[in-house]
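Structure first, then comments.
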Amino acid sequence: MKEIKAFFVVNAKEFMRDPMALILVLALPIAFASFFGLIFDGGDGAWTLQLGIVNEDAGPAGAQFLEGLHTPDVEEAITVITGSQAEMQQALRDGDVGLVLVLPEGMSASLGAGQPATVEVLYDPSRSDSAGIGLSMVQNMLAEANLALSGAPHLLVMEAKSVQSNSLRPIDLQMPGMLGIALLWLGLFGTALPLVQQRTAQVLRRLSVTPLRAVSLLAAHVSWRVVVGLLQAGLFLLVGALAFQVGVEGNKLLFVAAVVLGALVFVSLGYLLAGLASSDEALMGMTQLVNFPMMFLCGGLFAIEALPGFLQPVANFLPLTYLTDALKQLMVGAPPLHPLWLDLAVLAGCLAVFLVLGVRFWRWE
Amino acid sequence: MEQTAVTVHNLHKRYGEIEAAAGVTFKIAAGEVFGLLGPNGAGKTTTVECILGLRRPDRGRIEVLGMDHDTQSRQIKARVGVQLQATGLPPRLTVREVVDLFAQLFPRALPTGELLELVSLEDKAKAQSASLSGGQRQRLAVALALVNDPDLVLLDEPTAGLDPQSRRALWDVVDDLSQAGKTVLLTTHYMEEAEQLCDRVAVMDHGRIIALDTPEALIHQHFQETAIEFVALGEPPRERLAALPGVTQTIFENGRPTLYSSDVPRTMAGLFDLSTVGALAFKDVTVRQATLEDVFLKLTGRRIRG
């Protein structure tokens, strides 16, 4: 126990005296989040969806649908532009609208006859913000419209739900996304890299001729880095509160649990990579092999729906996808990709696997 | 305490084509200062690493303080102090912090201040380990070897890179350890050091021990003669040198003949005769008693420091 405590303190000192670690692990992620959040931000206040609508229906249903969008709540989040299909497709290509909804010809007639009508949604997957958020907003709208058309009293119910979704600005997604990436970097650059450097410098070899157990070293490394993970989260919340009105909307305890679990998962992964890599160079390769897919496919920087189709399933195999999803749900109430419990369960599973393999593949020299 | 501190019996270790240890056998008695000598690649490091439990022998048996690495590795490590040739130090810690850290890894430890004083690093206590000179690092490594007040101390080239004054100071440390009844195993390139410090030395070459005795006995056994050393200018006439009066052995190494003579005046006279007739040109003649260095040269055909 005392050796764990000693190494915990030593880790803290080494970290605080290592400018590279401080920059990479603490400063860079929050700087990225702020930067991306700011450049993708429209500039003033909330992000609004530019929704193009092509009304080919001559009957009352199409008009009623459009009418339903003329409420203050909806107008705050959605700007509706109407026009012909050709005009709207051009507008979509030019980026003037994010999504185009096509109300088909004869929709009123079909609905009147109790037949379903297919509403077409056109979107540009390269524009992740409007494609991802907009699609879920439109899905909500249609669900509500269905309810309304089937005889439920008012369209107002729909607005209450869509307001939650439409309050998401790019920074709202960048903050939890980059926090997840920060925890990943804590494992890659804040754990694996210094471990391999210490092994190359024969520090670990020297330690291996003392009674120190690998498990104790692991416990100390991991527990200190969980503290760093919490520091990272604190920093994100501080900057979020001061500059971007981003905090934790969901359960605060669950948020802490997700951060701790995330730090544990990626620090254990760092430990495993350090054991597998035979040299600095090998580690560099492995780090990038892990870093790039995780960073770009986890849904933290780009919405998963916005990825090319063949890449979307890959996201399901990345632990960071589940952490990002949990953090997004807990911080800004983003629409869930998976239920929260599933996210946390997958992370716990990854942790167990990484820990066992990390101890198994550990080497002192 | 055990009578035998270290037992190495028929140790074999092979790395691919290279047989690093080919049947090494020796015992170190408790309280003994034991030296392991040999040129690079002789198998010293492999033997030391096997004793430490860093390597598993292919064959053979190793016992340290009456225990076996397979079953009691941690108990062994708790009672052994180690100074490795290339010791990595956590770079961002101060000297005091490094010693404090190692102290926490053992069941019992000596006070940090006492250890730093022992290796004269008190004034560097607050310096970061990365800022130390080679000699200071070496001394810190020795302090770390003693942190757990070990029964067996393993020093791998402890004075390599030290200035003469620090080397003397370290010899005193080893003497104190010996006085306190500790067992010391050291490897060294310095024959003078081995003669000075070691109760017994083992000379290794090609993975085998080729001689093992007290330094005095080894010298006496191989050389009752006096060594005459000189630098030959041009190719020395080997046969004629070997045939000089009083010469019992000759060693030629890099144009530096060493003649071992039982009758120095007559050998010297013969040497000058050769010079007079033009058969040999030489300079820098040294006449001295045989040392462990000569034993080493004779046994391995090499000087220990290339």
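Just remember, in the structure tokens the first chain shown is A, the second B, etc., residues are 1-based per chain, and ligands are 1-based in the order shown.
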Interface rows for chain A against chain B: nearest pair, Å to one decimal, 7 Å, only C-alpha atoms, as a Markdown table:
| residue | atom | partner | partner_atom | distance |
| --- | --- | --- | --- | --- |
| A:Lys2 | CA | B:Gln104 | CA | 6.4 |
| A:Glu3 | CA | B:Leu105 | CA | 5.4 |
| A:Ala6 | CA | B:Leu101 | CA | 6.1 |
| A:Glu14 | CA | B:Arg92 | CA | 5.6 |
| A:Arg17 | CA | B:Arg92 | CA | 6.6 |
| A:Ala201 | CA | B:Gly88 | CA | 5.2 |
| A:Gln202 | CA | B:Gly88 | CA | 4.6 |
| A:Val203 | CA | B:Gly88 | CA | 4.0 |
| A:Arg206 | CA | B:Thr87 | CA | 6.3 |
| A:Val209 | CA | B:Lys77 | CA | 6.1 |
| A:Thr210 | CA | B:Lys77 | CA | 5.3 |
| A:Pro211 | CA | B:Arg74 | CA | 4.9 |
| A:Leu212 | CA | B:Leu105 | CA | 6.0 |
Q.
Residues within 10 Å of segment 157-165 of chain B, please, as a VMD selection string. Count only C-alpha atoms; anything in the same chain fewer than 3 positions from it doesn't count.
A. chain B and resid 36 83 to 86 133 to 139 141 to 142 154 168 to 171 186 to 190 193
Q. What are the DSSP alpha helix (DSSP H) residues of segment 66-257 of chain B, as number ranges by chain?
A. B: 69-79, 95-103, 112-118, 134-146, 164-179, 191-197, 215-222, 238-242
Q: From a DSSP pass on the backbone, collect the residues of segment 62-150 of chain B flagged as strand (DSSP E) and hand them back as JSON, numbers by chain.
A: {"B": [62, 63, 64, 80, 81, 82, 83]}
Q.
So, with only C-alpha atoms as the atoms that count, which of A:Ala277, A:Val102, A:Ala243, A:Ala214 lies closest to Arg360 of chain A?
A. A:Ala214
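Atom CA of Arg167 of chain B sits 18.2 Å away from atom CA of Lys124 of chain B.
Nearest residue to Asp284 of chain B, choosing from B:Thr300, B:Thr258, B:Thr25, B:Ser166 and counting only C-alpha atoms: B:Thr258.
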